[in-house]
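Below is one structure, written out as C-alpha coordinates; comments come after it.
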Amino acid sequence: MRYNKSTMNDKALSGIKIVWVEDDKFLANMVGKRMTETGAELVQVVDGAKAFDVVKATQPQVVVLDLLMPNVDGFEILRKIKSNEDTKHIPVIVLSNLGQKSEVDRAKELGAEKFIIKATVGLDQIVPEIVHALKKN
(Lines give C-alpha, C1' and ligand atoms only; values in the text may rest on other atoms or scores of the structure.)
Protein backbone atom coordinates (compact mmCIF):
# COMPACT_ATOMS: atom_id res chain seq x y z
CA MET A 1 0.00 0.00 0.00
CA ARG A 2 1.34 3.36 -1.03
CA TYR A 3 1.23 6.67 0.81
CA ASN A 4 1.09 9.93 -1.15
CA LYS A 5 2.04 13.04 0.83
CA SER A 6 0.60 15.43 -1.75
CA THR A 7 -2.85 15.55 -0.11
CA MET A 8 -1.74 15.38 3.50
CA ASN A 9 -3.48 18.55 4.66
CA ASP A 10 -7.01 17.73 3.60
CA LYS A 11 -9.57 17.35 6.39
CA ALA A 12 -12.04 15.23 4.43
CA LEU A 13 -12.83 13.08 7.45
CA SER A 14 -12.78 15.76 10.12
CA GLY A 15 -14.68 14.57 13.18
CA ILE A 16 -15.52 11.16 11.68
CA LYS A 17 -15.01 8.18 13.98
CA ILE A 18 -13.44 5.21 12.18
CA VAL A 19 -12.71 1.78 13.58
CA TRP A 20 -9.85 0.30 11.56
CA VAL A 21 -9.33 -3.42 12.08
CA GLU A 22 -5.79 -4.29 10.94
CA ASP A 23 -3.16 -6.54 12.51
CA ASP A 24 -0.17 -5.44 10.40
CA LYS A 25 1.70 -3.02 12.70
CA PHE A 26 3.53 -1.17 9.91
CA LEU A 27 0.31 -0.59 7.98
CA ALA A 28 -1.55 0.32 11.17
CA ASN A 29 1.06 3.01 11.91
CA MET A 30 0.77 4.42 8.37
CA VAL A 31 -3.02 4.38 8.63
CA GLY A 32 -2.93 6.07 12.01
CA LYS A 33 -0.78 8.90 10.71
CA ARG A 34 -2.83 9.38 7.54
CA MET A 35 -6.21 9.30 9.27
CA THR A 36 -5.03 11.82 11.87
CA GLU A 37 -4.04 14.13 9.01
CA THR A 38 -7.57 13.88 7.59
CA GLY A 39 -9.06 14.92 10.92
CA ALA A 40 -10.61 11.51 11.61
CA GLU A 41 -10.94 10.05 15.08
CA LEU A 42 -9.30 6.65 14.62
CA VAL A 43 -9.79 3.62 16.81
CA GLN A 44 -7.41 0.82 15.82
CA VAL A 45 -8.04 -2.83 16.59
CA VAL A 46 -5.31 -5.45 16.04
CA ASP A 47 -7.10 -8.56 17.32
CA GLY A 48 -10.13 -10.02 15.55
CA ALA A 49 -11.54 -11.30 18.82
CA LYS A 50 -11.88 -7.73 20.12
CA ALA A 51 -13.10 -6.05 16.93
CA PHE A 52 -16.86 -6.50 17.27
CA ASP A 53 -16.88 -5.38 20.90
CA VAL A 54 -14.93 -2.24 19.98
CA VAL A 55 -17.31 -1.46 17.10
CA LYS A 56 -20.34 -1.96 19.34
CA ALA A 57 -18.88 0.16 22.16
CA THR A 58 -17.59 3.05 20.02
CA GLN A 59 -20.36 3.21 17.39
CA PRO A 60 -18.13 4.59 14.60
CA GLN A 61 -19.48 6.14 11.42
CA VAL A 62 -17.49 3.58 9.37
CA VAL A 63 -15.41 0.41 9.83
CA VAL A 64 -12.43 -0.51 7.67
CA LEU A 65 -11.85 -4.23 8.03
CA ASP A 66 -9.04 -6.60 7.10
CA LEU A 67 -10.18 -10.18 6.54
CA LEU A 68 -7.00 -11.95 7.67
CA MET A 69 -7.04 -11.30 11.40
CA PRO A 70 -5.76 -13.30 14.38
CA ASN A 71 -8.27 -15.22 16.51
CA VAL A 72 -11.44 -14.23 14.61
CA ASP A 73 -11.37 -13.60 10.85
CA GLY A 74 -12.85 -10.57 9.16
CA PHE A 75 -15.75 -12.51 7.66
CA GLU A 76 -16.96 -13.42 11.15
CA ILE A 77 -16.46 -9.84 12.37
CA LEU A 78 -18.46 -8.55 9.39
CA ARG A 79 -21.23 -11.12 10.03
CA LYS A 80 -21.46 -10.00 13.67
CA ILE A 81 -21.54 -6.29 12.78
CA LYS A 82 -24.27 -6.73 10.18
CA SER A 83 -26.42 -9.11 12.24
CA ASN A 84 -26.50 -6.93 15.37
CA GLU A 85 -29.26 -4.32 15.77
CA ASP A 86 -26.85 -1.82 17.33
CA THR A 87 -24.24 -2.02 14.57
CA LYS A 88 -25.90 -3.19 11.34
CA HIS A 89 -26.28 0.39 10.09
CA ILE A 90 -22.51 1.03 10.16
CA PRO A 91 -20.91 0.83 6.70
CA VAL A 92 -18.00 -1.62 6.48
CA ILE A 93 -15.24 -1.29 3.90
CA VAL A 94 -13.23 -4.47 3.50
CA LEU A 95 -9.54 -3.80 2.84
CA SER A 96 -7.72 -7.07 2.31
CA ASN A 97 -4.99 -8.88 0.45
CA LEU A 98 -7.57 -11.52 -0.38
CA GLY A 99 -9.25 -10.85 -3.67
CA GLN A 100 -10.66 -14.00 -5.21
CA LYS A 101 -14.16 -13.57 -6.61
CA SER A 102 -15.54 -15.97 -3.99
CA GLU A 103 -14.05 -13.87 -1.18
CA VAL A 104 -15.34 -10.60 -2.65
CA ASP A 105 -18.79 -12.14 -3.17
CA ARG A 106 -18.87 -13.53 0.36
CA ALA A 107 -17.94 -10.17 1.89
CA LYS A 108 -20.62 -8.38 -0.14
CA GLU A 109 -23.23 -11.02 0.77
CA LEU A 110 -22.37 -10.44 4.43
CA GLY A 111 -23.00 -6.72 3.95
CA ALA A 112 -19.69 -5.07 3.04
CA GLU A 113 -20.17 -1.66 1.46
CA LYS A 114 -16.99 -1.95 -0.61
CA PHE A 115 -14.17 -4.47 -1.13
CA ILE A 116 -10.71 -3.03 -1.77
CA ILE A 117 -7.60 -5.09 -2.43
CA LYS A 118 -4.69 -3.62 -0.45
CA ALA A 119 -2.05 -4.19 -3.11
CA THR A 120 -3.96 -2.09 -5.65
CA VAL A 121 -4.51 1.12 -3.70
CA GLY A 122 -2.72 3.78 -1.72
CA LEU A 123 -3.95 5.29 1.52
CA ASP A 124 -5.01 8.45 -0.29
CA GLN A 125 -7.32 6.39 -2.49
CA ILE A 126 -9.04 4.94 0.57
CA VAL A 127 -10.05 8.32 1.99
CA PRO A 128 -12.48 9.04 -0.91
CA GLU A 129 -13.92 5.53 -0.52
CA ILE A 130 -14.62 6.25 3.14
CA VAL A 131 -16.21 9.60 2.25
CA HIS A 132 -18.34 7.88 -0.41
CA ALA A 133 -19.51 5.20 2.04
CA LEU A 134 -20.48 7.87 4.55
CA LYS A 135 -22.52 9.78 1.95
CA LYS A 136 -24.43 6.64 0.97
CA ASN A 137 -25.50 5.97 4.55
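Labels for the C-alpha coordinates follow display order: chains A, B, ..., residues from 1 in each chain, ligands from 1.
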
Per residue of segment 55-75 of chain A within 8 Å of segment 36-50 of chain A, record the nearest atom pair and its distance in Å to one decimal, counting only C-alpha atoms, with rows in chain order and ascending residue number, as JSON lines.
{"residue": "A:Met69", "atom": "CA", "partner": "A:Gly48", "partner_atom": "CA", "distance": 5.3}
{"residue": "A:Pro70", "atom": "CA", "partner": "A:Gly48", "partner_atom": "CA", "distance": 5.6}
{"residue": "A:Asn71", "atom": "CA", "partner": "A:Ala49", "partner_atom": "CA", "distance": 5.6}
{"residue": "A:Val72", "atom": "CA", "partner": "A:Gly48", "partner_atom": "CA", "distance": 4.5}
{"residue": "A:Asp73", "atom": "CA", "partner": "A:Gly48", "partner_atom": "CA", "distance": 6.0}
{"residue": "A:Gly74", "atom": "CA", "partner": "A:Gly48", "partner_atom": "CA", "distance": 7.0}

Residues within 8 Å of segment 80-84 of chain A, please, as a short mmCIF file (atom, residue, chain, number, x, y, z; two decimals) with N, CA and C atoms, in the first residue's frame. Count only C-alpha atoms; anything in the same chain fewer than 6 positions from it doesn't count.
data_model
loop_
_atom_site.label_atom_id
_atom_site.label_comp_id
_atom_site.auth_asym_id
_atom_site.auth_seq_id
_atom_site.Cartn_x
_atom_site.Cartn_y
_atom_site.Cartn_z
N PHE A 52 -15.42 -6.76 17.17
CA PHE A 52 -16.86 -6.50 17.27
C PHE A 52 -17.19 -5.72 18.53
N VAL A 55 -16.34 -2.11 18.01
CA VAL A 55 -17.31 -1.46 17.10
C VAL A 55 -18.60 -1.17 17.87
N LYS A 56 -19.09 -2.14 18.60
CA LYS A 56 -20.34 -1.96 19.34
C LYS A 56 -20.21 -0.86 20.40
N ILE A 90 -23.85 0.48 10.37
CA ILE A 90 -22.51 1.03 10.16
C ILE A 90 -21.92 0.47 8.87
N LEU A 110 -22.31 -10.69 2.99
CA LEU A 110 -22.37 -10.44 4.43
C LEU A 110 -22.65 -8.97 4.76
N GLY A 111 -22.63 -8.11 3.74
CA GLY A 111 -23.00 -6.72 3.95
C GLY A 111 -21.91 -5.68 3.79
#

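Distance annotation: of A:Leu95, A:Val19, A:Ile126, A:Val121, the residue with the minimal separation from Ala57 of chain A is A:Val19; atom set is only C-alpha atoms.
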
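Those residues in segment 94-129 of chain A carrying a DSSP assignment of strand (DSSP E), computed from the backbone, are A:Val94, A:Leu95, A:Ser96, A:Lys114, A:Phe115, A:Ile116, A:Ile117.
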
*Pick from A:Lys17, A:Lys101, A:Lys118, A:Lys11: nearest to Thr58 of chain A, with only C-alpha atoms counted?*
A:Lys17

_Please report the interatomic distance between atom CA of Gly122 of chain A and atom CA of Asn137 of chain A in Å with one decimal._
23.7 Å

_Applying 12 Å and only C-alpha atoms, which residues near Val127 of chain A remain after dropping the ones on its own chain fewer than 5 positions away? List them as a PyMOL selection string._
chain A and resi 3-4+7-8+10-14+16+18+31+34-40+62+64+93+116+121-122+132-134

Write out, as a CSV table (one decimal), in the first residue's frame, the residues just selected, with N, CA and C atoms.
chain,number,residue,atom,x,y,z
A,3,TYR,N,1.6,5.5,0.0
A,3,TYR,CA,1.2,6.7,0.8
A,3,TYR,C,1.7,7.9,0.1
A,4,ASN,N,0.8,8.8,-0.4
A,4,ASN,CA,1.1,9.9,-1.1
A,4,ASN,C,1.0,11.2,-0.3
A,7,THR,N,-1.6,15.1,-0.6
A,7,THR,CA,-2.8,15.5,-0.1
A,7,THR,C,-2.9,15.4,1.4
A,8,MET,N,-1.8,15.6,2.1
A,8,MET,CA,-1.7,15.4,3.5
A,8,MET,C,-2.6,16.4,4.3
A,10,ASP,N,-5.6,17.7,3.7
A,10,ASP,CA,-7.0,17.7,3.6
A,10,ASP,C,-7.6,17.3,4.9
A,11,LYS,N,-8.8,17.7,5.2
A,11,LYS,CA,-9.6,17.4,6.4
A,11,LYS,C,-10.9,16.7,6.0
A,12,ALA,N,-10.8,15.9,5.0
A,12,ALA,CA,-12.0,15.2,4.4
A,12,ALA,C,-12.8,14.4,5.5
A,13,LEU,N,-12.2,13.9,6.5
A,13,LEU,CA,-12.8,13.1,7.5
A,13,LEU,C,-12.9,13.7,8.8
A,14,SER,N,-12.8,15.0,8.9
A,14,SER,CA,-12.8,15.8,10.1
A,14,SER,C,-14.0,15.4,11.0
A,16,ILE,N,-14.9,12.5,12.0
A,16,ILE,CA,-15.5,11.2,11.7
A,16,ILE,C,-14.8,10.1,12.5
A,18,ILE,N,-13.7,6.4,13.0
A,18,ILE,CA,-13.4,5.2,12.2
A,18,ILE,C,-12.8,4.1,13.1
A,31,VAL,N,-1.6,4.0,8.6
A,31,VAL,CA,-3.0,4.4,8.6
A,31,VAL,C,-3.3,5.4,9.7
A,34,ARG,N,-2.0,8.8,8.6
A,34,ARG,CA,-2.8,9.4,7.5
A,34,ARG,C,-4.2,9.8,8.0
A,35,MET,N,-4.9,9.0,8.8
A,35,MET,CA,-6.2,9.3,9.3
A,35,MET,C,-6.2,10.5,10.2
A,36,THR,N,-5.2,10.6,11.0
A,36,THR,CA,-5.0,11.8,11.9
A,36,THR,C,-4.9,13.1,11.0
A,37,GLU,N,-4.2,13.0,9.9
A,37,GLU,CA,-4.0,14.1,9.0
A,37,GLU,C,-5.4,14.5,8.4
A,38,THR,N,-6.3,13.6,8.2
A,38,THR,CA,-7.6,13.9,7.6
A,38,THR,C,-8.6,14.4,8.6
A,39,GLY,N,-8.2,14.4,9.9
A,39,GLY,CA,-9.1,14.9,10.9
A,39,GLY,C,-10.0,13.9,11.5
A,40,ALA,N,-9.8,12.6,11.1
A,40,ALA,CA,-10.6,11.5,11.6
A,40,ALA,C,-10.2,11.2,13.0
A,62,VAL,N,-17.9,4.5,10.4
A,62,VAL,CA,-17.5,3.6,9.4
A,62,VAL,C,-16.5,2.6,10.0
A,64,VAL,N,-13.3,0.0,8.7
A,64,VAL,CA,-12.4,-0.5,7.7
A,64,VAL,C,-11.9,-1.8,8.2
A,93,ILE,N,-16.1,-1.2,5.1
A,93,ILE,CA,-15.2,-1.3,3.9
A,93,ILE,C,-14.2,-2.4,4.2
A,116,ILE,N,-11.9,-3.6,-1.2
A,116,ILE,CA,-10.7,-3.0,-1.8
A,116,ILE,C,-9.5,-4.0,-1.5
A,121,VAL,N,-4.2,-0.3,-4.1
A,121,VAL,CA,-4.5,1.1,-3.7
A,121,VAL,C,-3.5,1.7,-2.8
A,122,GLY,N,-3.5,3.0,-2.7
A,122,GLY,CA,-2.7,3.8,-1.7
A,122,GLY,C,-3.7,4.3,-0.7
A,132,HIS,N,-17.2,8.4,0.4
A,132,HIS,CA,-18.3,7.9,-0.4
A,132,HIS,C,-19.3,7.0,0.4
A,133,ALA,N,-18.7,6.1,1.2
A,133,ALA,CA,-19.5,5.2,2.0
A,133,ALA,C,-20.3,6.0,3.0
A,134,LEU,N,-19.8,7.0,3.6
A,134,LEU,CA,-20.5,7.9,4.6
A,134,LEU,C,-21.7,8.6,3.9

*asked:* Using only C-alpha atoms, can you tell me which of A:Lys25, A:Lys88, A:Lys33, A:Lys114 comes closest to Val131 of chain A?
replied: A:Lys114
